[in-house]
$ cat upload_33.cif   # mmCIF, C-alpha atoms
data_data
loop_
_atom_site.label_atom_id
_atom_site.label_comp_id
_atom_site.auth_asym_id
_atom_site.auth_seq_id
_atom_site.Cartn_x
_atom_site.Cartn_y
_atom_site.Cartn_z
CA MET A 1 -48.37 26.61 36.60
CA THR A 2 -47.04 24.66 33.62
CA ARG A 3 -46.48 26.84 30.54
CA ARG A 4 -47.98 25.44 27.36
CA ASN A 5 -45.78 25.67 24.30
CA ILE A 6 -48.15 26.95 21.61
CA GLU A 7 -46.98 28.02 18.18
CA LEU A 8 -49.70 29.77 16.19
CA LYS A 9 -48.75 28.56 12.74
CA LYS A 10 -50.77 26.71 10.15
CA LYS A 11 -49.73 23.14 9.51
CA HIS A 12 -48.86 22.09 5.96
CA GLU A 13 -48.23 25.69 4.95
CA ILE A 14 -46.63 26.02 1.51
CA ILE A 15 -43.12 27.37 2.01
CA HIS A 16 -40.66 27.61 -0.87
CA HIS A 17 -37.14 28.88 -0.13
CA PRO A 18 -36.65 30.17 -2.71
CA VAL A 19 -39.51 30.12 -5.24
CA THR A 20 -37.91 29.02 -8.51
CA ASP A 21 -41.03 28.35 -10.59
CA TYR A 22 -43.54 31.13 -9.96
CA SER A 23 -46.33 29.54 -12.04
CA LEU A 24 -46.00 26.31 -10.06
CA PHE A 25 -45.99 28.27 -6.81
CA LEU A 26 -49.24 30.02 -7.79
CA SER A 27 -50.85 26.71 -8.74
CA GLU A 28 -49.88 25.08 -5.44
CA SER A 29 -51.09 28.13 -3.54
CA LYS A 30 -54.41 27.92 -5.35
CA GLU A 31 -54.79 24.26 -4.40
CA TYR A 32 -53.92 25.10 -0.79
CA PHE A 33 -56.58 27.82 -0.80
CA ARG A 34 -59.20 25.48 -2.28
CA ARG A 35 -58.37 22.71 0.17
CA TYR A 36 -58.43 24.81 3.33
CA THR A 37 -61.54 26.81 2.48
CA LEU A 38 -63.34 23.51 1.89
CA ILE A 39 -61.97 22.12 5.15
CA HIS A 40 -63.39 25.15 6.93
CA LEU A 41 -66.85 24.52 5.51
CA SER A 42 -66.90 21.02 7.00
CA TYR A 43 -65.01 22.03 10.12
CA SER A 44 -65.93 20.20 13.32
CA ARG A 45 -65.25 22.03 16.57
CA LYS A 46 -64.41 18.91 18.56
CA ASP A 47 -61.72 17.95 16.03
CA ALA A 48 -60.05 21.36 16.22
CA PRO A 49 -56.27 21.49 16.58
CA LEU A 50 -54.78 23.10 19.66
CA GLU A 51 -54.59 26.63 18.20
CA LYS A 52 -58.35 26.50 17.48
CA LYS A 53 -59.06 25.83 21.15
CA LEU A 54 -57.58 29.10 22.34
CA ASN A 55 -59.94 31.63 23.90
CA PRO A 56 -59.77 35.30 24.96
CA PHE A 57 -58.55 34.35 28.44
CA ASP A 58 -55.34 32.91 26.94
CA PHE A 59 -54.32 36.43 25.88
CA LYS A 60 -53.48 39.63 27.67
CA PHE A 61 -55.20 42.48 25.78
CA ILE A 62 -52.75 45.38 26.10
CA LYS A 63 -54.17 48.24 24.02
CA PRO A 64 -56.05 48.98 20.78
CA ILE A 65 -53.69 49.72 17.87
CA GLY A 66 -56.10 50.00 14.95
CA MET A 67 -59.71 50.60 14.03
CA GLY A 68 -61.84 48.68 11.54
CA THR A 69 -65.41 48.77 10.25
CA PHE A 70 -66.81 46.43 12.90
CA GLY A 71 -64.36 46.72 15.78
CA LEU A 72 -60.83 47.37 16.99
CA VAL A 73 -57.47 45.67 16.52
CA TYR A 74 -55.67 44.99 19.79
CA LEU A 75 -52.05 44.46 20.66
CA THR A 76 -52.10 41.24 22.69
CA GLN A 77 -49.69 38.88 24.38
CA LEU A 78 -50.19 35.13 24.60
CA LYS A 79 -49.85 34.38 28.30
CA CYS A 80 -48.21 30.97 27.92
CA ASN A 81 -45.17 32.15 25.92
CA GLU A 82 -45.38 35.99 26.08
CA ASP A 83 -45.33 36.35 22.28
CA PHE A 84 -47.11 39.38 20.81
CA TYR A 85 -50.01 39.17 18.34
CA ALA A 86 -52.57 41.45 16.73
CA ILE A 87 -56.16 40.39 17.38
CA LYS A 88 -59.08 41.92 15.53
CA VAL A 89 -62.07 42.08 17.87
CA LEU A 90 -65.44 42.27 16.10
CA ARG A 91 -68.61 43.05 18.01
CA LYS A 92 -71.36 40.58 17.06
CA LYS A 93 -74.18 43.07 17.66
CA THR A 94 -72.60 45.61 15.29
CA ILE A 95 -72.20 42.91 12.63
CA MET A 96 -75.78 41.71 12.94
CA ASP A 97 -77.21 45.26 13.05
CA SER A 98 -75.27 46.02 9.85
CA LYS A 99 -76.45 42.77 8.24
CA ALA A 100 -72.80 41.95 7.55
CA ARG A 101 -72.71 38.40 8.91
CA ILE A 102 -72.16 36.93 5.43
CA PHE A 103 -69.21 39.30 4.85
CA ILE A 104 -67.55 38.30 8.13
CA ASN A 105 -68.05 34.54 7.80
CA ARG A 106 -66.84 34.64 4.21
CA SER A 107 -63.72 36.69 4.96
CA ARG A 108 -62.85 34.42 7.87
CA ARG A 109 -63.07 31.40 5.55
CA TYR A 110 -60.82 33.07 2.99
CA LEU A 111 -58.27 33.96 5.67
CA GLU A 112 -58.12 30.26 6.50
CA GLY A 113 -56.80 29.46 3.01
CA ILE A 114 -54.75 32.51 2.04
CA ASN A 115 -51.09 31.62 1.71
CA PHE A 116 -48.93 34.23 -0.01
CA PRO A 117 -45.86 36.26 1.05
CA PHE A 118 -47.61 39.63 0.68
CA CYS A 119 -51.00 38.76 2.20
CA GLN A 120 -51.60 38.80 5.94
CA LYS A 121 -52.62 35.35 7.15
CA MET A 122 -54.92 34.46 10.00
CA LEU A 123 -53.34 32.26 12.66
CA CYS A 124 -56.49 31.29 14.53
CA SER A 125 -59.96 32.52 15.47
CA PHE A 126 -62.39 32.11 18.34
CA GLN A 127 -65.49 33.72 19.83
CA ASP A 128 -67.35 34.37 23.05
CA THR A 129 -70.93 35.45 23.68
CA GLY A 130 -70.46 38.98 22.32
CA PHE A 131 -67.32 39.12 20.17
CA LEU A 132 -65.42 37.43 17.36
CA PHE A 133 -61.61 37.28 17.54
CA LEU A 134 -59.23 36.99 14.56
CA CYS A 135 -55.60 36.44 15.61
CA GLN A 136 -52.78 37.44 13.26
CA LYS A 137 -49.06 38.07 13.44
CA LEU A 138 -48.12 41.52 14.68
CA ARG A 139 -46.52 43.71 11.99
CA VAL A 140 -44.51 46.13 14.11
CA GLY A 141 -44.03 48.70 11.33
CA GLY A 142 -47.66 49.78 11.47
CA ASP A 143 -49.64 50.60 8.33
CA LEU A 144 -48.79 52.67 5.26
CA TYR A 145 -51.38 55.34 6.09
CA ARG A 146 -49.64 56.21 9.37
CA HIS A 147 -46.28 56.21 7.61
CA LEU A 148 -47.64 58.57 4.92
CA CYS A 149 -49.04 60.91 7.58
CA LYS A 150 -45.55 61.19 9.09
CA GLN A 151 -43.65 61.59 5.80
CA LYS A 152 -46.33 63.62 3.89
CA ARG A 153 -45.57 61.59 0.78
CA ILE A 154 -43.60 58.50 -0.19
CA TYR A 155 -40.73 58.95 -2.63
CA GLU A 156 -41.15 57.07 -5.88
CA PRO A 157 -38.53 54.28 -5.52
CA LEU A 158 -40.14 53.24 -2.22
CA ALA A 159 -43.64 53.54 -3.71
CA VAL A 160 -42.53 51.28 -6.58
CA PHE A 161 -41.31 48.71 -4.04
CA TYR A 162 -44.60 48.73 -2.12
CA ALA A 163 -46.81 48.82 -5.21
CA ALA A 164 -44.95 45.90 -6.84
CA GLN A 165 -45.77 43.72 -3.82
CA MET A 166 -49.43 44.73 -4.13
CA VAL A 167 -49.36 43.76 -7.83
CA LEU A 168 -48.21 40.26 -6.84
CA ALA A 169 -50.76 40.10 -4.01
CA LEU A 170 -53.57 40.99 -6.45
CA GLU A 171 -52.26 38.53 -9.02
CA TYR A 172 -52.44 35.79 -6.40
CA LEU A 173 -55.89 36.76 -5.10
CA HIS A 174 -57.36 37.01 -8.59
CA PHE A 175 -55.73 33.68 -9.51
CA VAL A 176 -57.59 31.94 -6.68
CA GLY A 177 -60.76 33.82 -7.65
CA ILE A 178 -60.85 36.46 -4.89
CA VAL A 179 -61.54 40.18 -5.42
CA HIS A 180 -60.30 42.19 -2.41
CA ARG A 181 -62.59 45.25 -2.82
CA ASN A 182 -60.93 47.35 -0.11
CA ILE A 183 -57.39 48.17 -1.26
CA LYS A 184 -56.19 51.21 0.72
CA LEU A 185 -53.19 52.48 2.69
CA GLU A 186 -54.69 51.46 6.04
CA ASN A 187 -54.87 47.85 4.86
CA ILE A 188 -51.17 47.56 4.02
CA LEU A 189 -48.98 46.60 6.98
CA ILE A 190 -45.20 47.04 7.16
CA HIS A 191 -43.16 44.14 8.50
CA ASP A 192 -39.92 44.69 10.43
CA ASN A 193 -37.93 43.65 7.32
CA GLY A 194 -39.42 46.51 5.27
CA TYR A 195 -41.74 44.33 3.17
CA VAL A 196 -45.51 44.74 3.32
CA LYS A 197 -48.64 42.61 3.81
CA LEU A 198 -52.13 43.21 2.44
CA THR A 199 -54.86 42.80 5.05
CA GLY A 200 -58.48 43.95 5.47
CA PHE A 201 -60.36 41.11 3.77
CA THR A 202 -63.77 42.00 5.23
CA PHE A 203 -65.30 42.76 1.83
CA ALA A 204 -63.37 40.15 -0.17
CA LYS A 205 -65.52 37.97 -2.41
CA LYS A 206 -65.13 35.18 -4.93
CA ILE A 207 -65.96 36.70 -8.33
CA ARG A 208 -64.79 34.80 -11.38
CA ASP A 209 -66.86 35.04 -14.54
CA SER A 210 -69.77 36.78 -12.83
CA VAL A 211 -70.13 40.29 -11.38
CA SER A 212 -71.22 41.72 -8.03
CA TYR A 213 -73.42 44.76 -7.41
CA THR A 214 -72.63 45.38 -3.72
CA LEU A 215 -71.53 48.90 -2.84
CA CYS A 216 -68.69 48.40 -0.35
CA GLY A 217 -65.17 49.52 0.49
CA THR A 218 -63.74 53.01 1.05
CA THR A 219 -65.20 55.92 -0.90
CA GLU A 220 -61.97 57.45 -2.26
CA TYR A 221 -60.82 54.09 -3.64
CA MET A 222 -64.09 52.97 -5.25
CA ALA A 223 -64.11 52.39 -9.00
CA PRO A 224 -66.71 54.09 -11.24
CA GLU A 225 -68.53 50.83 -12.03
CA MET A 226 -69.03 50.12 -8.31
CA ILE A 227 -70.43 53.59 -7.59
CA GLN A 228 -72.78 53.36 -10.55
CA GLN A 229 -73.64 49.76 -9.57
CA LYS A 230 -73.18 48.53 -13.11
CA GLY A 231 -71.67 45.30 -11.83
CA HIS A 232 -68.01 44.91 -10.90
CA ASN A 233 -65.32 42.21 -10.86
CA ARG A 234 -61.55 42.15 -10.29
CA SER A 235 -61.22 45.35 -12.37
CA ILE A 236 -62.04 47.38 -9.26
CA ASP A 237 -58.87 46.17 -7.52
CA TRP A 238 -56.70 47.52 -10.36
CA TRP A 239 -58.49 50.87 -10.15
CA SER A 240 -57.92 50.96 -6.38
CA LEU A 241 -54.24 50.13 -6.93
CA GLY A 242 -53.99 53.21 -9.17
CA VAL A 243 -55.57 55.38 -6.46
CA LEU A 244 -53.23 53.85 -3.87
CA ILE A 245 -50.13 54.56 -5.95
CA TYR A 246 -51.23 58.14 -6.62
CA GLU A 247 -51.90 58.74 -2.93
CA MET A 248 -48.52 57.34 -1.89
CA VAL A 249 -46.53 59.58 -4.23
CA ALA A 250 -48.73 62.69 -4.10
CA GLY A 251 -49.67 62.56 -0.42
CA PHE A 252 -53.39 62.96 -1.14
CA SER A 253 -56.20 61.18 -2.98
CA PRO A 254 -56.68 61.93 -6.72
CA PHE A 255 -60.47 62.17 -6.39
CA GLY A 256 -60.98 63.23 -2.77
CA ALA A 257 -63.35 66.12 -1.98
CA ASP A 258 -64.98 67.61 1.12
CA ASP A 259 -68.33 66.16 0.11
CA THR A 260 -68.87 62.43 -0.50
CA PHE A 261 -71.11 63.02 -3.50
CA LYS A 262 -68.50 65.33 -5.01
CA THR A 263 -65.94 62.55 -4.57
CA TYR A 264 -68.30 60.16 -6.36
CA GLU A 265 -68.68 62.69 -9.18
CA ASN A 266 -64.89 63.09 -9.52
CA ILE A 267 -64.44 59.31 -9.69
CA ILE A 268 -67.17 58.82 -12.30
CA LYS A 269 -65.62 61.52 -14.48
CA GLY A 270 -62.16 60.02 -13.91
CA LYS A 271 -60.41 63.38 -13.91
CA TYR A 272 -57.41 63.95 -11.70
CA ALA A 273 -54.45 66.33 -11.56
CA VAL A 274 -50.94 65.12 -12.34
CA CYS A 275 -48.39 66.42 -9.83
CA ALA A 276 -45.29 68.13 -11.19
CA HIS A 277 -42.93 65.70 -9.45
CA PHE A 278 -44.52 62.58 -11.01
CA SER A 279 -42.19 60.67 -13.30
CA LEU A 280 -43.27 59.90 -16.86
CA GLY A 281 -43.45 56.20 -16.00
CA LEU A 282 -45.80 56.94 -13.11
CA GLU A 283 -48.05 59.09 -15.30
CA GLU A 284 -48.27 56.29 -17.87
CA LEU A 285 -49.12 53.70 -15.21
CA LEU A 286 -51.85 55.85 -13.65
CA LEU A 287 -53.31 56.55 -17.08
CA GLY A 288 -53.56 52.78 -17.61
CA LEU A 289 -55.00 51.90 -14.19
CA LEU A 290 -57.45 54.78 -13.82
CA LYS A 291 -59.45 54.08 -16.96
CA ILE A 292 -63.20 54.66 -16.75
CA GLU A 293 -64.02 51.57 -18.80
CA PRO A 294 -63.10 48.46 -16.73
CA TYR A 295 -61.91 46.33 -19.65
CA GLU A 296 -59.61 49.09 -20.93
CA ARG A 297 -57.77 49.08 -17.60
CA LEU A 298 -54.29 47.63 -17.13
CA GLY A 299 -54.65 44.16 -15.67
CA MET A 300 -57.94 43.54 -17.49
CA MET A 301 -56.85 43.37 -21.11
CA ARG A 302 -55.49 40.47 -23.14
CA GLU A 303 -52.17 40.04 -21.29
CA GLY A 304 -53.74 40.48 -17.86
CA VAL A 305 -51.44 41.21 -14.94
CA GLN A 306 -48.37 40.95 -17.18
CA GLU A 307 -49.31 44.34 -18.68
CA VAL A 308 -49.03 45.86 -15.21
CA LYS A 309 -45.69 44.15 -14.54
CA ASP A 310 -44.33 45.35 -17.90
CA ALA A 311 -45.13 48.99 -17.14
CA ARG A 312 -42.13 51.31 -17.35
CA TRP A 313 -42.59 52.31 -13.71
CA PHE A 314 -41.77 48.72 -12.66
CA GLN A 315 -38.86 48.23 -15.07
CA ASP A 316 -36.29 47.81 -12.28
CA ILE A 317 -38.28 45.16 -10.41
CA ASP A 318 -37.04 41.58 -10.55
CA TRP A 319 -40.37 39.88 -9.82
CA LEU A 320 -38.95 36.49 -8.85
CA ARG A 321 -36.46 38.03 -6.44
CA LEU A 322 -39.26 40.18 -5.05
CA VAL A 323 -41.53 37.24 -4.24
CA ASN A 324 -38.54 35.61 -2.50
CA GLN A 325 -37.99 38.86 -0.59
CA GLN A 326 -34.41 39.05 -1.86
CA LEU A 327 -34.58 42.70 -2.96
CA HIS A 328 -33.22 45.39 -0.67
CA ALA A 329 -36.04 47.13 1.17
CA PRO A 330 -35.55 50.91 0.74
CA PHE A 331 -37.12 51.61 4.14
CA ILE A 332 -36.85 49.67 7.42
CA PRO A 333 -39.31 50.87 10.09
CA LYS A 334 -37.81 52.07 13.35
CA CYS A 335 -39.34 50.30 16.32
CA LYS A 336 -38.49 52.02 19.61
CA SER A 337 -40.99 49.76 21.33
CA ILE A 338 -43.45 47.05 20.34
CA ASP A 339 -46.23 49.62 19.88
CA SER A 340 -44.29 52.71 18.73
CA ASN A 341 -45.64 52.62 15.15
CA PHE A 342 -49.31 52.45 16.09
CA PRO A 343 -51.76 55.27 16.92
CA GLU A 344 -52.80 56.07 20.46
CA LEU A 345 -56.43 55.01 20.72
CA GLU A 346 -58.83 55.14 23.61
CA ILE A 347 -58.75 51.89 25.59
CA VAL A 348 -62.05 50.05 25.42
CA LYS A 349 -62.71 47.13 27.76
CA ILE A 350 -63.94 43.96 26.12
CA ILE A 351 -66.86 42.84 28.28
CA PRO A 352 -68.91 40.05 26.72
CA PRO A 353 -72.67 40.10 27.43
CA LYS A 354 -74.22 37.30 29.46
CA ASP A 355 -76.59 36.31 26.66
CA ASP A 356 -75.17 34.60 23.59
CA LEU A 357 -75.53 36.87 20.56
CA GLY A 358 -75.28 34.24 17.87
CA GLN A 359 -72.84 31.41 18.49
CA ALA A 360 -74.48 29.33 15.76
CA LEU A 361 -74.54 32.27 13.33
CA PHE A 362 -70.73 32.42 13.39
CA ARG A 363 -70.02 28.71 13.23
CA GLY A 364 -66.33 27.92 12.73
CA PHE A 365 -64.86 30.82 14.74
#
$ encode --input "upload_33.cif" --output "structure tokens"
Amino acid sequence: MTRRNIELKKKHEIIHHPVTDYSLFLSESKEYFRRYTLIHLSYSRKDAPLEKKLNPFDFKFIKPIGMGTFGLVYLTQLKCNEDFYAIKVLRKKTIMDSKARIFINRSRRYLEGINFPFCQKMLCSFQDTGFLFLCQKLRVGGDLYRHLCKQKRIYEPLAVFYAAQMVLALEYLHFVGIVHRNIKLENILIHDNGYVKLTGFTFAKKIRDSVSYTLCGTTEYMAPEMIQQKGHNRSIDWWSLGVLIYEMVAGFSPFGADDTFKTYENIIKGKYAVCAHFSLGLEELLLGLLKIEPYERLGMMREGVQEVKDARWFQDIDWLRLVNQQLHAPFIPKCKSIDSNFPELEIVKIIPPKDDLGQALFRGF
């Protein structure tokens, strides 16, 4: 059997080595996003490039390595070249029962155009009669939540390093008009070089000058305006970043409680305890990010994201060197095997039903 040489990489991807003009890089990335999301809308299946024509039978599904809202993430191997990938497998019936088809189609379109060093990019997608498949590069370090569970808490210099990359990721997403709406430890993947990638774009939405009223995301990370359904915009991502930073350094959520409604109450009141080992710079940053009023929050005032970058906690970060991944990563994940940094999950066989559960409803996969 002849082996096909398939490289799952987007053509015309913007690559700057190094980035010398960050503003120009953001502008070009925005144009790339606009162009490829529009291309997806007019996408014709018969004109698909080779990577679009892949199907589940081209991969060996080894084991599940993660769990999402609508399905599992599998460690897979492309049979033709034996390279490893992570494929998110979404069950169509679950999506349709949850009335989440718009979320899934929209997030898939965004993943087509995302092009930023600290955002996980989709390589290709496909579907069968019962499932949707989103193929991405495998990040062998696992996610930050699993790392935190092992270490109990992340020491501040490392948390600064991770959080700074999330600041740039949010700056990019907001610049192209996207609000992530599900920032959390489980959605931050560690690459083998110690840098991280933001993933989990299921609830991402374009919100520019308008607001959205949808209640979505993960309870502990929700902002007060989302819970109260007053209308939210990109301000909720800055709130979630504050919760994320707190949880990394403290080892637990600032507003978490045994009861969901108690958690909601804690968030709406905006009261949290400051741990004794928090630095003054960290306390100041959290005070700025975890503001009850959205437009009093860091990232939302006159200077925008620059106010976050100028925070004392980030004073040692060279932002241009960071985006070029030229800073020393304080932690490099140990990888004893390809799957050593992922949880052991029950193996579930992917058996598509005979009847098509909505091929036309998920056009473009």
$ resolve_selection --input "upload_33.cif" --expression "the PyMOL selection byres ((chain A and resi 164-173) around 8)" --output "ChimeraX atom specification"
/A:26,116,118-119,160-163,174-180,196,198,237,241,305,308-309,314,317,322-323
$ closest_residue --input "upload_33.cif" --among "A:Leu327, A:Leu158, A:Leu138, A:Leu290" --to "A:Ile267" --atoms "only C-alpha atoms"
A:Leu290
$ atom_distance --input "upload_33.cif" --atom1 "atom CA of A:Val249" --atom2 "atom CA of A:Ala159"
6.7 Å
$ resolve_selection --input "upload_33.cif" --expression "the PyMOL selection byres ((chain A and resi 202-212) around 7)" --output "ChimeraX atom specification"
/A:103-104,107,177-182,200-201,213-214,216-217,231-233
$ closest_residue --input "upload_33.cif" --among "A:Glu82, A:Glu247, A:Glu112, A:Asp128" --to "A:Leu286" --atoms "all atoms listed in the file"
A:Glu247
$ closest_residue --input "upload_33.cif" --among "A:Glu156, A:Glu28, A:Asp97, A:Asp143" --to "A:Leu282" --atoms "only C-alpha atoms"
A:Glu156
$ decode --input "upload_33.cif" --residues "stretch 172-205 of chain A" --atoms "N, CA and C atoms" --output "CSV table (one decimal), in the first residue's frame"
chain,number,residue,atom,x,y,z
A,172,TYR,N,-5.5,39.5,21.1
A,172,TYR,CA,-5.7,39.1,19.7
A,172,TYR,C,-7.2,38.8,19.4
A,173,LEU,N,-7.8,37.9,20.3
A,173,LEU,CA,-9.2,37.6,20.1
A,173,LEU,C,-10.2,38.8,20.1
A,174,HIS,N,-10.0,39.7,21.0
A,174,HIS,CA,-10.8,40.9,21.1
A,174,HIS,C,-10.5,41.8,19.9
A,175,PHE,N,-9.3,41.8,19.4
A,175,PHE,CA,-9.0,42.6,18.3
A,175,PHE,C,-9.7,42.2,17.0
A,176,VAL,N,-9.9,40.9,16.9
A,176,VAL,CA,-10.6,40.3,15.7
A,176,VAL,C,-12.1,40.3,16.0
A,177,GLY,N,-12.5,40.7,17.2
A,177,GLY,CA,-13.9,40.8,17.5
A,177,GLY,C,-14.5,39.6,18.3
A,178,ILE,N,-13.7,38.6,18.7
A,178,ILE,CA,-14.1,37.4,19.4
A,178,ILE,C,-14.1,37.5,20.9
A,179,VAL,N,-15.1,37.1,21.6
A,179,VAL,CA,-15.1,37.0,23.0
A,179,VAL,C,-15.1,35.4,23.3
A,180,HIS,N,-14.1,35.0,24.1
A,180,HIS,CA,-14.0,33.5,24.3
A,180,HIS,C,-15.1,32.9,25.1
A,181,ARG,N,-15.4,33.5,26.2
A,181,ARG,CA,-16.5,33.1,27.1
A,181,ARG,C,-16.3,31.8,27.9
A,182,ASN,N,-15.1,31.2,27.8
A,182,ASN,CA,-14.9,30.0,28.6
A,182,ASN,C,-13.4,29.8,29.0
A,183,ILE,N,-12.8,30.9,29.4
A,183,ILE,CA,-11.4,30.9,29.9
A,183,ILE,C,-11.4,30.0,31.2
A,184,LYS,N,-10.6,29.0,31.2
A,184,LYS,CA,-10.4,28.2,32.4
A,184,LYS,C,-9.2,27.3,32.3
A,185,LEU,N,-8.7,26.7,33.4
A,185,LEU,CA,-7.5,25.9,33.4
A,185,LEU,C,-7.5,24.8,32.4
A,186,GLU,N,-8.7,24.1,32.3
A,186,GLU,CA,-8.8,23.0,31.4
A,186,GLU,C,-8.7,23.3,29.9
A,187,ASN,N,-8.9,24.6,29.6
A,187,ASN,CA,-8.8,25.1,28.2
A,187,ASN,C,-7.4,25.7,27.9
A,188,ILE,N,-6.4,25.5,28.7
A,188,ILE,CA,-5.1,26.0,28.4
A,188,ILE,C,-4.1,24.8,28.4
A,189,LEU,N,-3.6,24.5,27.2
A,189,LEU,CA,-2.8,23.4,26.9
A,189,LEU,C,-1.3,23.7,27.0
A,190,ILE,N,-0.5,22.8,27.5
A,190,ILE,CA,1.0,23.1,27.6
A,190,ILE,C,1.7,22.4,26.4
A,191,HIS,N,2.5,23.1,25.7
A,191,HIS,CA,3.3,22.6,24.6
A,191,HIS,C,4.6,22.0,25.2
A,192,ASP,N,5.3,21.2,24.4
A,192,ASP,CA,6.5,20.6,24.9
A,192,ASP,C,7.6,21.6,25.1
A,193,ASN,N,7.5,22.8,24.6
A,193,ASN,CA,8.5,23.9,24.8
A,193,ASN,C,8.2,24.7,26.1
A,194,GLY,N,7.1,24.4,26.8
A,194,GLY,CA,6.7,25.1,28.0
A,194,GLY,C,5.8,26.2,27.8
A,195,TYR,N,5.5,26.6,26.5
A,195,TYR,CA,4.5,27.7,26.3
A,195,TYR,C,3.1,27.0,26.2
A,196,VAL,N,2.1,27.9,26.2
A,196,VAL,CA,0.8,27.4,26.3
A,196,VAL,C,-0.1,27.9,25.2
A,197,LYS,N,-1.2,27.2,25.0
A,197,LYS,CA,-2.2,27.5,23.9
A,197,LYS,C,-3.6,27.5,24.5
A,198,LEU,N,-4.4,28.5,24.2
A,198,LEU,CA,-5.8,28.6,24.6
A,198,LEU,C,-6.6,27.8,23.6
A,199,THR,N,-7.5,27.0,24.1
A,199,THR,CA,-8.4,26.2,23.3
A,199,THR,C,-9.8,26.3,23.9
A,200,GLY,N,-10.7,25.4,23.5
A,200,GLY,CA,-12.1,25.5,24.0
A,200,GLY,C,-12.9,26.6,23.5
A,201,PHE,N,-13.1,26.7,22.2
A,201,PHE,CA,-13.8,27.8,21.6
A,201,PHE,C,-15.3,27.6,21.3
A,202,THR,N,-15.8,26.6,22.0
A,202,THR,CA,-17.2,26.2,21.8
A,202,THR,C,-18.2,27.3,22.0
A,203,PHE,N,-17.9,28.2,23.0
A,203,PHE,CA,-18.9,29.3,23.3
A,203,PHE,C,-18.4,30.6,22.8
A,204,ALA,N,-17.3,30.6,22.0
A,204,ALA,CA,-16.8,31.9,21.5
A,204,ALA,C,-17.9,32.6,20.6
A,205,LYS,N,-17.9,33.9,20.6
A,205,LYS,CA,-18.8,34.6,19.8
A,205,LYS,C,-18.3,36.0,19.4
